[in-house]
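Heads up, target15.cif below (mmCIF, C-alpha atoms):
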```cif
data_work
loop_
_atom_site.label_atom_id
_atom_site.label_comp_id
_atom_site.auth_asym_id
_atom_site.auth_seq_id
_atom_site.Cartn_x
_atom_site.Cartn_y
_atom_site.Cartn_z
CA MET B 1 47.96 208.32 13.70
CA ALA B 2 48.77 211.94 14.56
CA ARG B 3 45.96 214.45 14.36
CA ASP B 4 44.71 217.80 15.58
CA GLY B 5 41.28 219.31 15.92
CA ALA B 6 38.17 217.36 16.85
CA HIS B 7 37.74 215.62 20.19
CA VAL B 8 37.26 211.94 19.33
CA ILE B 9 34.71 209.85 21.22
CA VAL B 10 34.85 206.13 20.49
CA VAL B 11 31.97 203.93 21.63
CA GLY B 12 33.27 200.40 21.94
CA ASN B 13 32.66 197.01 23.49
CA GLU B 14 33.19 193.53 22.06
CA LYS B 15 29.70 192.53 23.13
CA GLY B 16 26.72 192.82 20.84
CA GLY B 17 23.54 194.38 22.18
CA SER B 18 25.25 196.60 24.73
CA GLY B 19 23.67 199.79 23.34
CA LYS B 20 26.73 201.20 21.59
CA SER B 21 24.92 202.65 18.56
CA THR B 22 22.07 204.11 20.59
CA THR B 23 24.59 205.74 22.89
CA ALA B 24 26.69 207.05 19.98
CA PHE B 25 23.70 208.59 18.20
CA HIS B 26 22.25 210.20 21.31
CA LEU B 27 25.64 211.69 22.17
CA ALA B 28 25.90 213.08 18.62
CA VAL B 29 22.44 214.68 18.69
CA TYR B 30 22.96 216.05 22.20
CA LEU B 31 26.18 217.73 21.10
CA LEU B 32 24.51 219.15 17.99
CA TYR B 33 21.77 220.74 20.11
CA ALA B 34 24.48 222.05 22.44
CA GLY B 35 25.88 224.05 19.53
CA HIS B 36 28.74 221.81 18.45
CA ARG B 37 29.72 220.63 14.99
CA VAL B 38 29.62 216.84 14.98
CA ALA B 39 30.68 214.07 12.63
CA THR B 40 30.03 210.35 13.05
CA ILE B 41 31.80 207.31 11.62
CA ASP B 42 30.33 203.80 11.61
CA VAL B 43 32.98 201.09 11.29
CA ASP B 44 30.53 198.21 11.87
CA SER B 45 30.31 196.67 8.40
CA ARG B 46 27.77 194.03 9.46
CA GLN B 47 25.09 195.66 11.59
CA GLN B 48 25.55 199.30 10.47
CA THR B 49 23.10 200.34 13.21
CA LEU B 50 24.44 203.88 13.51
CA THR B 51 24.21 204.30 9.73
CA HIS B 52 20.61 203.08 9.82
CA TYR B 53 19.87 205.65 12.54
CA VAL B 54 21.19 208.43 10.29
CA ARG B 55 19.32 207.14 7.22
CA ASN B 56 16.08 206.80 9.19
CA ARG B 57 16.48 210.38 10.42
CA ARG B 58 17.02 211.73 6.92
CA ALA B 59 14.00 209.80 5.58
CA HIS B 60 11.86 211.01 8.47
CA MET B 61 12.82 214.62 7.80
CA GLN B 62 12.02 214.26 4.12
CA GLU B 63 8.66 212.64 4.79
CA THR B 64 7.53 215.05 7.51
CA GLY B 65 9.29 218.27 6.57
CA ARG B 66 10.80 218.49 10.05
CA LYS B 67 14.14 220.24 10.43
CA LEU B 68 16.43 218.36 12.77
CA PRO B 69 20.20 218.69 13.28
CA ASN B 70 22.26 215.99 11.58
CA PRO B 71 25.88 214.93 12.00
CA LEU B 72 28.18 214.56 9.04
CA HIS B 73 28.22 210.80 8.64
CA PHE B 74 30.53 208.19 7.12
CA HIS B 75 30.16 204.44 6.92
CA LEU B 76 33.42 202.55 6.45
CA PRO B 77 33.07 198.96 5.16
CA SER B 78 35.66 196.30 5.82
CA ALA B 79 37.98 195.36 2.97
CA TRP B 80 37.43 191.83 1.63
CA GLY B 81 40.42 191.13 -0.63
CA ASP B 82 42.57 188.00 -0.55
CA SER B 83 45.54 189.69 1.11
CA LEU B 84 45.22 190.53 4.81
CA LYS B 85 48.05 193.04 4.56
CA GLU B 86 46.46 194.80 1.57
CA ASN B 87 43.05 194.78 3.30
CA GLN B 88 44.48 196.40 6.41
CA GLN B 89 46.30 199.03 4.36
CA ALA B 90 43.13 199.80 2.40
CA GLU B 91 41.16 200.17 5.64
CA PHE B 92 43.83 202.37 7.17
CA ASP B 93 43.82 204.65 4.10
CA MET B 94 40.01 204.83 4.10
CA PHE B 95 39.92 205.57 7.83
CA ARG B 96 42.64 208.21 7.56
CA ARG B 97 40.84 209.96 4.67
CA SER B 98 37.53 210.06 6.53
CA VAL B 99 39.11 211.43 9.71
CA GLY B 100 41.19 213.91 7.73
CA GLU B 101 38.11 215.21 5.96
CA VAL B 102 36.40 216.28 9.18
CA GLU B 103 38.97 216.56 11.97
CA ASN B 104 39.44 220.31 11.53
CA LYS B 105 35.85 221.03 10.53
CA VAL B 106 34.01 219.66 13.55
CA ASP B 107 34.30 219.88 17.31
CA PHE B 108 33.49 216.23 18.00
CA LEU B 109 34.01 213.05 16.03
CA ILE B 110 32.03 210.06 17.32
CA ILE B 111 33.02 206.58 16.12
CA ASP B 112 30.75 203.56 16.61
CA THR B 113 32.46 200.16 16.58
CA PRO B 114 31.18 196.59 16.12
CA GLY B 115 30.78 193.97 18.82
CA PHE B 116 33.82 192.05 17.61
CA ASP B 117 37.50 192.69 16.97
CA THR B 118 38.45 194.12 13.55
CA ASN B 119 41.28 196.17 12.12
CA LEU B 120 38.95 199.20 11.94
CA THR B 121 37.98 198.64 15.58
CA ARG B 122 41.63 198.82 16.61
CA LEU B 123 42.27 201.90 14.44
CA ALA B 124 39.29 203.67 16.03
CA HIS B 125 40.40 202.88 19.58
CA SER B 126 43.90 204.18 18.88
CA LEU B 127 42.40 207.56 18.01
CA ALA B 128 40.11 207.96 21.03
CA ASP B 129 40.31 210.91 23.39
CA THR B 130 37.30 209.55 25.26
CA LEU B 131 36.39 205.86 25.12
CA VAL B 132 32.82 205.04 26.17
CA THR B 133 32.12 201.37 26.88
CA PRO B 134 28.44 200.59 27.55
CA VAL B 135 28.09 197.45 29.67
CA ASN B 136 24.74 195.78 30.14
CA ASP B 137 23.84 195.42 33.80
CA SER B 138 24.70 191.73 33.85
CA LEU B 139 27.56 189.70 35.27
CA ILE B 140 27.56 187.71 32.01
CA ASP B 141 28.30 190.82 29.95
CA ILE B 142 31.10 191.89 32.28
CA ASN B 143 33.00 188.80 31.15
CA VAL B 144 34.06 190.69 28.01
CA LEU B 145 36.19 192.89 30.28
CA ALA B 146 37.53 190.40 32.78
CA ARG B 147 37.10 186.94 34.23
CA ILE B 148 35.61 187.36 37.67
CA ASP B 149 36.34 185.40 40.85
CA PRO B 150 32.95 183.88 41.76
CA ASP B 151 33.67 184.17 45.49
CA THR B 152 34.99 187.73 45.71
CA GLY B 153 33.42 189.27 42.60
CA LEU B 154 36.80 190.82 41.76
CA PRO B 155 38.58 190.61 38.37
CA ILE B 156 41.25 187.90 38.22
CA GLU B 157 42.08 187.82 34.50
CA THR B 158 41.92 190.45 31.77
CA SER B 159 39.66 189.54 28.84
CA HIS B 160 40.30 190.22 25.15
CA TYR B 161 38.53 193.57 24.83
CA ALA B 162 40.23 195.03 27.90
CA ARG B 163 43.59 193.93 26.49
CA LEU B 164 42.74 195.70 23.20
CA VAL B 165 42.01 198.90 25.13
CA GLN B 166 45.16 198.59 27.21
CA ARG B 167 47.25 198.27 24.03
CA ALA B 168 45.56 201.31 22.50
CA ARG B 169 46.15 203.35 25.65
CA SER B 170 49.81 202.31 25.87
CA GLU B 171 50.44 203.15 22.20
CA ARG B 172 48.67 206.50 22.50
CA LEU B 173 50.69 207.40 25.58
CA ALA B 174 53.98 206.34 23.96
CA ILE B 175 53.37 208.17 20.67
CA GLY B 176 51.76 211.42 21.80
CA GLY B 177 51.97 211.45 25.57
CA GLU B 178 48.16 211.54 25.72
CA VAL B 179 45.87 209.44 27.88
CA ILE B 180 42.64 207.87 26.66
CA ASP B 181 39.89 208.60 29.18
CA TRP B 182 38.11 205.24 29.43
CA VAL B 183 34.59 205.38 30.88
CA LEU B 184 32.53 202.26 31.62
CA VAL B 185 28.82 203.03 31.39
CA ARG B 186 26.26 200.86 33.12
CA ASN B 187 23.54 200.35 30.53
CA ARG B 188 20.04 198.88 30.51
CA ILE B 189 19.92 199.26 34.25
CA SER B 190 16.95 197.60 35.93
CA MET B 191 14.69 200.08 37.69
CA LEU B 192 14.28 197.64 40.58
CA ALA B 193 17.05 197.24 43.14
CA SER B 194 18.33 193.68 43.23
CA ARG B 195 21.18 191.53 44.46
CA ASN B 196 22.42 191.25 40.86
CA ALA B 197 22.53 195.06 40.51
CA ARG B 198 24.61 195.34 43.68
CA GLN B 199 26.96 192.62 42.45
CA VAL B 200 27.36 194.33 39.09
CA GLN B 201 28.12 197.64 40.77
CA GLY B 202 30.75 196.09 43.03
CA THR B 203 32.35 194.12 40.22
CA LEU B 204 32.55 197.14 37.90
CA ASP B 205 34.05 199.20 40.72
CA GLY B 206 36.77 196.57 41.03
CA ILE B 207 37.37 196.50 37.27
CA ALA B 208 37.56 200.31 37.11
CA THR B 209 40.19 200.31 39.87
CA ARG B 210 42.24 197.56 38.23
CA PHE B 211 42.14 199.00 34.69
CA GLY B 212 42.45 202.67 35.59
CA CYS B 213 39.14 203.70 34.06
CA ARG B 214 36.03 205.44 35.36
CA LEU B 215 32.51 204.18 35.99
CA ALA B 216 29.40 206.17 35.09
CA ASP B 217 25.73 205.45 35.58
CA GLY B 218 24.12 204.95 32.21
CA ILE B 219 20.66 204.43 30.84
CA ALA B 220 17.82 202.35 32.24
CA GLU B 221 16.09 199.68 30.17
CA ARG B 222 13.39 201.60 28.28
CA VAL B 223 11.06 200.70 25.41
CA ILE B 224 11.22 204.30 24.16
CA PHE B 225 14.56 203.74 22.40
CA ARG B 226 13.10 201.00 20.23
CA SER B 227 10.18 203.24 19.32
CA LEU B 228 12.44 206.15 18.32
CA PHE B 229 14.79 204.16 16.07
CA PRO B 230 12.48 203.84 13.00
CA SER B 231 12.27 207.64 12.71
CA GLY B 232 15.91 208.20 13.61
CA THR B 233 14.90 210.53 16.41
CA THR B 234 16.21 210.81 19.96
CA VAL B 235 14.94 211.88 23.35
CA PHE B 236 16.50 215.31 22.69
CA ASP B 237 14.42 216.06 19.59
CA PRO B 238 11.19 218.04 19.96
CA LEU B 239 8.03 215.98 19.89
CA GLU B 240 6.19 216.02 16.54
CA ASP B 241 2.92 217.09 18.12
CA GLU B 242 3.53 220.36 19.93
CA VAL B 243 0.62 219.75 22.30
CA GLU B 244 1.82 216.27 23.16
CA SER B 245 3.66 216.06 26.44
CA ALA B 246 6.68 213.84 26.90
CA SER B 247 6.17 210.64 28.85
CA VAL B 248 7.89 210.08 32.17
CA SER B 249 10.13 207.54 30.43
CA HIS B 250 11.06 210.09 27.76
CA VAL B 251 11.93 212.78 30.30
CA SER B 252 13.88 210.34 32.48
CA ALA B 253 15.88 209.00 29.54
CA ARG B 254 16.74 212.55 28.47
CA GLN B 255 18.02 213.38 31.95
CA GLU B 256 20.04 210.15 32.11
CA TYR B 257 21.83 211.06 28.89
CA ARG B 258 22.48 214.57 30.17
CA ASN B 259 24.00 213.06 33.29
CA LEU B 260 26.11 210.76 31.14
CA VAL B 261 27.45 213.65 29.07
CA ALA B 262 28.29 215.55 32.25
CA SER B 263 30.24 212.56 33.57
CA LEU B 264 32.34 212.34 30.38
CA ASN B 265 34.01 215.71 31.09
CA LEU B 266 33.89 216.74 27.43
CA PRO B 267 35.14 220.16 26.23
CA LEU B 268 31.67 221.67 25.80
CA LEU B 269 30.65 225.13 24.65
CA PRO B 270 28.87 227.51 27.07
CA ARG B 271 25.19 226.69 27.39
CA HIS B 272 23.98 229.94 25.81
CA VAL B 273 25.48 229.14 22.38
CA GLU B 274 22.82 228.41 19.76
CA PRO B 275 22.95 225.04 17.99
CA ILE B 276 24.94 224.80 14.77
CA ARG B 277 23.01 222.61 12.34
CA LEU B 278 24.93 220.58 9.79
CA SER B 279 23.50 218.88 6.78
CA ALA B 280 25.21 215.71 5.63
#
```
Represent the structure contained in this file as structure tokens.
Amino acid sequence: MARDGAHVIVVGNEKGGSGKSTTAFHLAVYLLYAGHRVATIDVDSRQQTLTHYVRNRRAHMQETGRKLPNPLHFHLPSAWGDSLKENQQAEFDMFRRSVGEVENKVDFLIIDTPGFDTNLTRLAHSLADTLVTPVNDSLIDINVLARIDPDTGLPIETSHYARLVQRARSERLAIGGEVIDWVLVRNRISMLASRNARQVQGTLDGIATRFGCRLADGIAERVIFRSLFPSGTTVFDPLEDEVESASVSHVSARQEYRNLVASLNLPLLPRHVEPIRLSA
């Protein structure tokens, strides 16, 4: 699918509970505060977690009178007709219309994908400029990328999701001569050093080398994200009570996301630009 305009960030991993939606929403809000115009698309027809984030944020603003930046948001449901071919065509048309509506109106388009393979998942990956794959800090979760040699800790067989990404990268390179920048993000990192953490680091290093992607430190396991979800707020939003000081966890999570954005090498505006606030 040829396009111009917005830089597309796809957050994907065929593993539920890896923090994709939390990552997608925090990236969107960070970019809004940085002065960018941002749109988001949720192609997860089952969980719709990113859509719930946006709805919670809108409800919170209405209830409290707070003014917070919002992305332009679309939720794309899966087609459920009897014909697979017709379903895929309907989804392609819906996806193309949504992208076409915003691609020249925003600076960044962030697409959140489900934890399983769908036609919309594949369409989203084929459009990515930057692909962010959160991976829980567990050897079990790494299995979605590759089967690991238990003795060496190195990848010995490519798993389904990695093959999906490889196909998307090959197609993108063949069609437009562009490379998808694939970044693995260690997520829900334990704050205590352990043998497992060292194993995960070494294994992901090996996977990054084999698959030609990059590895970035992500976000530690923190309760604060669960507490922010009901209000649709993020660690970048001002606290409701002006005299309330942010907790150490809040400040640390904010810095971790800043570090993550820096590692993605996105085409960002200069820091002095004032935020552009969009209403959806």
Fill in: Result set of the PyMOL selection byres ((chain B and resi 216-228) around 10) on the coordinates above, as a PyMOL selection string
chain B and resi 19+22-23+53+56-57+132-137+183-191+201+204+214-215+229-235+247+249-250+252-264
Please write the residues from the selection above to a file, keeping C-alpha atoms, as a JSON list (two decimals), in the coordinates of the input.
```
[["chain", "number", "residue", "atom", "x", "y", "z"],
["B", 19, "GLY", "CA", 23.67, 199.79, 23.34],
["B", 22, "THR", "CA", 22.07, 204.11, 20.59],
["B", 23, "THR", "CA", 24.59, 205.74, 22.89],
["B", 53, "TYR", "CA", 19.87, 205.65, 12.54],
["B", 56, "ASN", "CA", 16.08, 206.80, 9.19],
["B", 57, "ARG", "CA", 16.48, 210.38, 10.42],
["B", 132, "VAL", "CA", 32.82, 205.04, 26.17],
["B", 133, "THR", "CA", 32.12, 201.37, 26.88],
["B", 134, "PRO", "CA", 28.44, 200.59, 27.55],
["B", 135, "VAL", "CA", 28.09, 197.45, 29.67],
["B", 136, "ASN", "CA", 24.74, 195.78, 30.14],
["B", 137, "ASP", "CA", 23.84, 195.42, 33.80],
["B", 183, "VAL", "CA", 34.59, 205.38, 30.88],
["B", 184, "LEU", "CA", 32.53, 202.26, 31.62],
["B", 185, "VAL", "CA", 28.82, 203.03, 31.39],
["B", 186, "ARG", "CA", 26.26, 200.86, 33.12],
["B", 187, "ASN", "CA", 23.54, 200.35, 30.53],
["B", 188, "ARG", "CA", 20.04, 198.88, 30.51],
["B", 189, "ILE", "CA", 19.92, 199.26, 34.25],
["B", 190, "SER", "CA", 16.95, 197.60, 35.93],
["B", 191, "MET", "CA", 14.69, 200.08, 37.69],
["B", 201, "GLN", "CA", 28.12, 197.64, 40.77],
["B", 204, "LEU", "CA", 32.55, 197.14, 37.90],
["B", 214, "ARG", "CA", 36.03, 205.44, 35.36],
["B", 215, "LEU", "CA", 32.51, 204.18, 35.99],
["B", 229, "PHE", "CA", 14.79, 204.16, 16.07],
["B", 230, "PRO", "CA", 12.48, 203.84, 13.00],
["B", 231, "SER", "CA", 12.27, 207.64, 12.71],
["B", 232, "GLY", "CA", 15.91, 208.20, 13.61],
["B", 233, "THR", "CA", 14.90, 210.53, 16.41],
["B", 234, "THR", "CA", 16.21, 210.81, 19.96],
["B", 235, "VAL", "CA", 14.94, 211.88, 23.35],
["B", 247, "SER", "CA", 6.17, 210.64, 28.85],
["B", 249, "SER", "CA", 10.13, 207.54, 30.43],
["B", 250, "HIS", "CA", 11.06, 210.09, 27.76],
["B", 252, "SER", "CA", 13.88, 210.34, 32.48],
["B", 253, "ALA", "CA", 15.88, 209.00, 29.54],
["B", 254, "ARG", "CA", 16.74, 212.55, 28.47],
["B", 255, "GLN", "CA", 18.02, 213.38, 31.95],
["B", 256, "GLU", "CA", 20.04, 210.15, 32.11],
["B", 257, "TYR", "CA", 21.83, 211.06, 28.89],
["B", 258, "ARG", "CA", 22.48, 214.57, 30.17],
["B", 259, "ASN", "CA", 24.00, 213.06, 33.29],
["B", 260, "LEU", "CA", 26.11, 210.76, 31.14],
["B", 261, "VAL", "CA", 27.45, 213.65, 29.07],
["B", 262, "ALA", "CA", 28.29, 215.55, 32.25],
["B", 263, "SER", "CA", 30.24, 212.56, 33.57],
["B", 264, "LEU", "CA", 32.34, 212.34, 30.38]]
```
Practice prompt. Could you jot down the CA of Asp93 (chain B) to CA of Val106 (chain B) separation for me, Å, one decimal place?
Written response: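 Here the two named atoms are 20.3 Å from each other.
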Practice prompt. Grab the CA of Glu14 (chain B) to CA of Leu127 (chain B) distance for me, in Å with one decimal place.
Written response: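 Interatomic distance, CA of Glu14 (chain B) to CA of Leu127 (chain B): 17.3 Å.
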Worksheet item: Within 12 Å of (45.0, 208.4, 18.9), in the coordinates the file gives, what residues turn up when you count only C-alpha atoms, written out as a ChimeraX atom specification?
Response: /B:1-10,96,99,122-131,165,167-181
Item to complete: Between CA of Met61 (chain B) and CA of Ser21 (chain B), measure the distance and give it in Å to one decimal.
Response: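 Atom-to-atom, CA of Met61 (chain B) to CA of Ser21 (chain B), that is 20.1 Å.
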Discussion item. When you count all atoms listed in the file, which of these residues is closest to Leu269 (chain B): B:Arg37, B:His73, B:Arg66, B:Arg147?
Written reply: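 Between B:Arg37, B:His73, B:Arg66, B:Arg147, the residue approaching Leu269 (chain B) most closely is B:Arg37.
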Fill in: Result set, the PyMOL selection byres ((chain B and resi 49) around 12) on current file, as an MDAnalysis selection string
chainID B and resid 16:17 19:25 41:48 50:56 75 112:115 229:230 232
Worksheet item: Which residues match the PyMOL selection byres ((chain B and resi 79) around 8) in the file above, as a count of residues only?
Response: 8
Fill in: Top pick for closest residue to Phe108 (chain B), considering B:Gly212, B:Thr64, B:Pro71, B:Leu145 and counting all atoms listed in the file
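For Phe108 (chain B), the nearest of the candidates is B:Pro71.
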If you take every atom of region 244-261 of chain B that the file lists and fit an axis-aligned box around them with 8 Å extra on each side, what centre and edge lengths come out in Å to one decimal, as lines of an AutoDock Vina configuration file?
```
center_x = 14.6
center_y = 211.9
center_z = 28.2
size_x = 41.6
size_y = 24.7
size_z = 26.1
```
